[in-house]
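Visitor: The following block contains the structure, expressed as structure tokens.
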Amino acid sequence: MVHKLPLTTLIELAQSKTDEATRRLGQLQNAHTSAAEKLEMLLQYRQEYIDQMNLQMRDGLPSAHLRNFQNFISTLDKAIEQQRMLTSQADTRLAHGRTDWQFSKRRQSSFDTLADRVRQQDLLAMNKRDQRDSDERSARQFYLRSATLAD
């Protein structure tokens, strides 16, 4: 029974690490979703701005306004590129977070399996002891009956 204490401690530590990995994975998923949504918003805003510029160009657009549009589009393109990099970094962190979570989950599962084996072994040993005790009682009773009949 002494071997249960360290195993229980290991299981609790593995559960704690799995819980932490799960929490961290949720944070990484939220960060990834947020970065992807910001990127999509920037892309949509850029497209709307280009559509607006094209519409105004059909009606005639002063060159100063066109330069302003182009400068703003250039600024948006830089922001989009930065957001793509942030989204890519979030992808990488999310992939690492998944790997960490999977490792923690497998480790916890291994300890749970080991604990199940220990419980099965303990149950088997207890059943053998019970059977041996029962056999000894039966043998004593048989011996006592045989001795009583022989008298």
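Chain lettering (A, B, ...) mirrors the order of the structure tokens, residue numbering begins at 1 for each chain separately, and ligand numbering begins at 1 in order of display.
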Could you name the residues that touch Ser109 (chain A) at 12 Å or less, counting only C-alpha atoms, but leaving out those on the same chain fewer than 6 positions away, as a PyMOL selection string?
Guide: chain A and resi 10-12+14-15+18+102-103+115-116
Visitor: Can you write just those residues out, N, CA, C and O atoms, as a short mmCIF file (atom, residue, chain, number, x, y, z; two decimals), in the first residue's frame?
Guide:
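Final file, out_33.cif:
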data_model
loop_
_atom_site.label_atom_id
_atom_site.label_comp_id
_atom_site.auth_asym_id
_atom_site.auth_seq_id
_atom_site.Cartn_x
_atom_site.Cartn_y
_atom_site.Cartn_z
N LEU A 10 1.96 11.74 -8.11
CA LEU A 10 2.27 11.91 -9.53
C LEU A 10 1.01 12.18 -10.35
O LEU A 10 1.01 13.01 -11.26
N ILE A 11 -0.06 11.47 -10.02
CA ILE A 11 -1.33 11.68 -10.73
C ILE A 11 -1.84 13.09 -10.49
O ILE A 11 -2.29 13.78 -11.43
N GLU A 12 -1.76 13.56 -9.25
CA GLU A 12 -2.23 14.92 -8.94
C GLU A 12 -1.38 15.96 -9.66
O GLU A 12 -1.92 16.94 -10.18
N ALA A 14 0.31 15.49 -12.47
CA ALA A 14 -0.01 15.38 -13.89
C ALA A 14 -1.34 16.06 -14.20
O ALA A 14 -1.48 16.74 -15.22
N GLN A 15 -2.32 15.89 -13.31
CA GLN A 15 -3.63 16.54 -13.49
C GLN A 15 -3.47 18.06 -13.45
O GLN A 15 -4.05 18.78 -14.26
N THR A 18 -1.87 19.21 -16.63
CA THR A 18 -2.84 19.12 -17.73
C THR A 18 -3.84 20.26 -17.64
O THR A 18 -4.18 20.88 -18.66
N GLN A 102 -1.24 17.99 -25.47
CA GLN A 102 -1.30 16.57 -25.81
C GLN A 102 -0.30 15.76 -24.98
O GLN A 102 -0.62 14.67 -24.50
N PHE A 103 0.91 16.31 -24.81
CA PHE A 103 1.91 15.63 -23.99
C PHE A 103 1.42 15.48 -22.56
O PHE A 103 1.52 14.40 -21.96
N ALA A 115 -2.07 3.53 -12.38
CA ALA A 115 -2.87 3.44 -11.14
C ALA A 115 -3.91 2.33 -11.26
O ALA A 115 -4.15 1.59 -10.31
N ASP A 116 -4.54 2.21 -12.43
CA ASP A 116 -5.52 1.14 -12.64
C ASP A 116 -4.86 -0.23 -12.50
O ASP A 116 -5.43 -1.15 -11.90
#
Visitor: Near Asn30 (chain A), counting only C-alpha atoms, which residues have an atom at most 10 Å away, once you skip same-chain residues fewer than 6 positions from it, shown as a PyMOL selection string?
Guide: chain A and resi 24+36+90+94
Visitor: Save the residues we just selected, all heavy atoms, as an mmCIF file, in the first residue's frame?
Guide:
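Just written: again_19.cif:
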data_model
loop_
_atom_site.group_PDB
_atom_site.id
_atom_site.type_symbol
_atom_site.label_atom_id
_atom_site.label_comp_id
_atom_site.auth_asym_id
_atom_site.auth_seq_id
_atom_site.Cartn_x
_atom_site.Cartn_y
_atom_site.Cartn_z
ATOM 1 N N ARG A 24 -3.837 27.299 -20.683
ATOM 2 C CA ARG A 24 -2.920 27.998 -21.589
ATOM 3 C C ARG A 24 -3.366 27.825 -23.043
ATOM 4 O O ARG A 24 -3.325 28.771 -23.830
ATOM 5 C CB ARG A 24 -1.495 27.466 -21.390
ATOM 6 C CG ARG A 24 -0.472 28.068 -22.290
ATOM 7 C CD ARG A 24 -0.048 29.436 -21.801
ATOM 8 N NE ARG A 24 1.021 29.928 -22.645
ATOM 9 C CZ ARG A 24 1.006 31.107 -23.231
ATOM 10 N NH1 ARG A 24 0.022 31.939 -23.031
ATOM 11 N NH2 ARG A 24 1.998 31.478 -23.997
ATOM 12 N N ALA A 36 -6.576 36.647 -35.955
ATOM 13 C CA ALA A 36 -7.175 36.333 -37.254
ATOM 14 C C ALA A 36 -8.348 37.270 -37.556
ATOM 15 O O ALA A 36 -8.523 37.708 -38.702
ATOM 16 C CB ALA A 36 -7.634 34.874 -37.283
ATOM 17 N N ALA A 90 0.914 33.702 -33.728
ATOM 18 C CA ALA A 90 -0.154 33.105 -32.917
ATOM 19 C C ALA A 90 -0.406 31.661 -33.350
ATOM 20 O O ALA A 90 -0.661 30.791 -32.512
ATOM 21 C CB ALA A 90 -1.433 33.938 -33.017
ATOM 22 N N LEU A 94 0.054 28.560 -30.895
ATOM 23 C CA LEU A 94 -1.089 27.657 -30.720
ATOM 24 C C LEU A 94 -0.678 26.213 -30.996
ATOM 25 O O LEU A 94 -1.056 25.296 -30.256
ATOM 26 C CB LEU A 94 -2.245 28.078 -31.625
ATOM 27 C CG LEU A 94 -3.517 27.255 -31.545
ATOM 28 C CD1 LEU A 94 -4.081 27.258 -30.126
ATOM 29 C CD2 LEU A 94 -4.550 27.790 -32.532
#
Visitor: Figure out the distance between CA of Ala35 (chain A) and CA of Tyr49 (chain A), please, to one decimal in Å.
Guide: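 According to the coordinates, CA of Tyr49 (chain A) and CA of Ala35 (chain A) are separated by 21.0 Å.
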Visitor: Could you check how far CA of Gln47 (chain A) sits from CA of His32 (chain A), in Å to one decimal?
Guide: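 Separating CA of Gln47 (chain A) from CA of His32 (chain A) is a distance of 22.6 Å.
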Visitor: List the neighbours of Thr22 (chain A) out to 10 Å using only C-alpha atoms; skip same-chain residues closer than 4 positions along the sequence, and give me the result as a short mmCIF file (atom, residue, chain, number, x, y, z; two decimals) with all heavy atoms, in the first residue's frame.
Guide:
data_model
loop_
_atom_site.label_atom_id
_atom_site.label_comp_id
_atom_site.auth_asym_id
_atom_site.auth_seq_id
_atom_site.Cartn_x
_atom_site.Cartn_y
_atom_site.Cartn_z
N SER A 16 -2.66 18.52 -12.51
CA SER A 16 -2.42 19.96 -12.39
C SER A 16 -1.75 20.52 -13.65
O SER A 16 -2.15 21.58 -14.16
CB SER A 16 -1.54 20.22 -11.16
OG SER A 16 -1.23 21.59 -11.06
N LYS A 17 -0.77 19.81 -14.16
CA LYS A 17 -0.09 20.25 -15.37
C LYS A 17 -1.02 20.20 -16.58
O LYS A 17 -0.98 21.08 -17.44
CB LYS A 17 1.16 19.41 -15.62
CG LYS A 17 2.27 19.76 -14.66
CD LYS A 17 3.55 19.05 -15.00
CE LYS A 17 4.62 19.47 -14.00
NZ LYS A 17 5.95 19.09 -14.40
N THR A 18 -1.87 19.21 -16.63
CA THR A 18 -2.84 19.12 -17.73
C THR A 18 -3.84 20.26 -17.64
O THR A 18 -4.18 20.88 -18.66
CB THR A 18 -3.57 17.75 -17.70
OG1 THR A 18 -2.61 16.72 -17.84
CG2 THR A 18 -4.59 17.65 -18.82
N GLY A 26 -6.38 27.40 -24.11
CA GLY A 26 -7.54 28.28 -24.30
C GLY A 26 -7.12 29.71 -24.54
O GLY A 26 -7.67 30.40 -25.42
N GLN A 27 -6.13 30.17 -23.78
CA GLN A 27 -5.63 31.54 -23.98
C GLN A 27 -5.01 31.69 -25.36
O GLN A 27 -5.23 32.70 -26.04
CB GLN A 27 -4.58 31.88 -22.91
CG GLN A 27 -5.15 32.05 -21.52
CD GLN A 27 -4.05 32.25 -20.49
OE1 GLN A 27 -2.91 31.84 -20.68
NE2 GLN A 27 -4.42 32.87 -19.37
N LEU A 28 -4.23 30.70 -25.76
CA LEU A 28 -3.59 30.75 -27.08
C LEU A 28 -4.63 30.72 -28.20
O LEU A 28 -4.48 31.41 -29.21
CB LEU A 28 -2.60 29.60 -27.23
CG LEU A 28 -1.35 29.69 -26.35
CD1 LEU A 28 -0.56 28.38 -26.40
CD2 LEU A 28 -0.49 30.86 -26.75
N GLY A 97 1.26 25.04 -28.10
CA GLY A 97 0.34 24.84 -26.98
C GLY A 97 -0.42 23.54 -27.11
O GLY A 97 -0.63 22.83 -26.12
N ARG A 98 -0.83 23.21 -28.32
CA ARG A 98 -1.53 21.93 -28.55
C ARG A 98 -0.61 20.76 -28.24
O ARG A 98 -1.02 19.77 -27.62
CB ARG A 98 -2.01 21.84 -30.00
CG ARG A 98 -3.31 22.47 -30.25
CD ARG A 98 -3.89 22.06 -31.61
NE ARG A 98 -4.99 22.93 -31.93
CZ ARG A 98 -4.98 23.85 -32.88
NH1 ARG A 98 -3.92 23.99 -33.65
NH2 ARG A 98 -6.03 24.61 -33.09
N ASP A 100 2.00 20.75 -26.25
CA ASP A 100 2.19 20.68 -24.79
C ASP A 100 0.98 20.04 -24.12
O ASP A 100 1.13 19.20 -23.23
CB ASP A 100 2.42 22.08 -24.21
CG ASP A 100 3.76 22.66 -24.61
OD1 ASP A 100 4.63 21.90 -25.10
OD2 ASP A 100 3.93 23.89 -24.43
N TRP A 101 -0.22 20.44 -24.54
CA TRP A 101 -1.43 19.89 -23.95
C TRP A 101 -1.53 18.39 -24.22
O TRP A 101 -1.85 17.61 -23.32
CB TRP A 101 -2.66 20.60 -24.51
CG TRP A 101 -3.93 20.02 -24.00
CD1 TRP A 101 -4.52 20.23 -22.80
CD2 TRP A 101 -4.77 19.08 -24.69
NE1 TRP A 101 -5.67 19.49 -22.68
CE2 TRP A 101 -5.84 18.78 -23.83
CE3 TRP A 101 -4.71 18.47 -25.94
CZ2 TRP A 101 -6.85 17.90 -24.20
CZ3 TRP A 101 -5.71 17.59 -26.29
CH2 TRP A 101 -6.77 17.31 -25.43
N GLN A 102 -1.24 17.99 -25.47
CA GLN A 102 -1.30 16.57 -25.81
C GLN A 102 -0.30 15.76 -24.98
O GLN A 102 -0.62 14.67 -24.50
CB GLN A 102 -1.04 16.36 -27.31
CG GLN A 102 -2.17 16.85 -28.18
CD GLN A 102 -1.81 16.90 -29.65
OE1 GLN A 102 -0.64 16.91 -30.02
NE2 GLN A 102 -2.83 16.94 -30.50
N SER A 104 0.89 16.57 -21.99
CA SER A 104 0.38 16.52 -20.61
C SER A 104 -0.75 15.51 -20.48
O SER A 104 -0.83 14.77 -19.50
CB SER A 104 -0.12 17.90 -20.19
OG SER A 104 0.93 18.81 -20.13
N LYS A 105 -1.63 15.50 -21.47
CA LYS A 105 -2.78 14.58 -21.44
C LYS A 105 -2.31 13.13 -21.52
O LYS A 105 -2.81 12.27 -20.79
CB LYS A 105 -3.72 14.93 -22.60
CG LYS A 105 -5.08 14.36 -22.46
CD LYS A 105 -5.83 15.02 -21.34
CE LYS A 105 -7.24 14.52 -21.32
NZ LYS A 105 -7.85 14.70 -20.03
#
Visitor: Between CA of Glu40 (chain A) and CA of Ser74 (chain A), what is the spacing in Å?
Guide: 16.9 Å
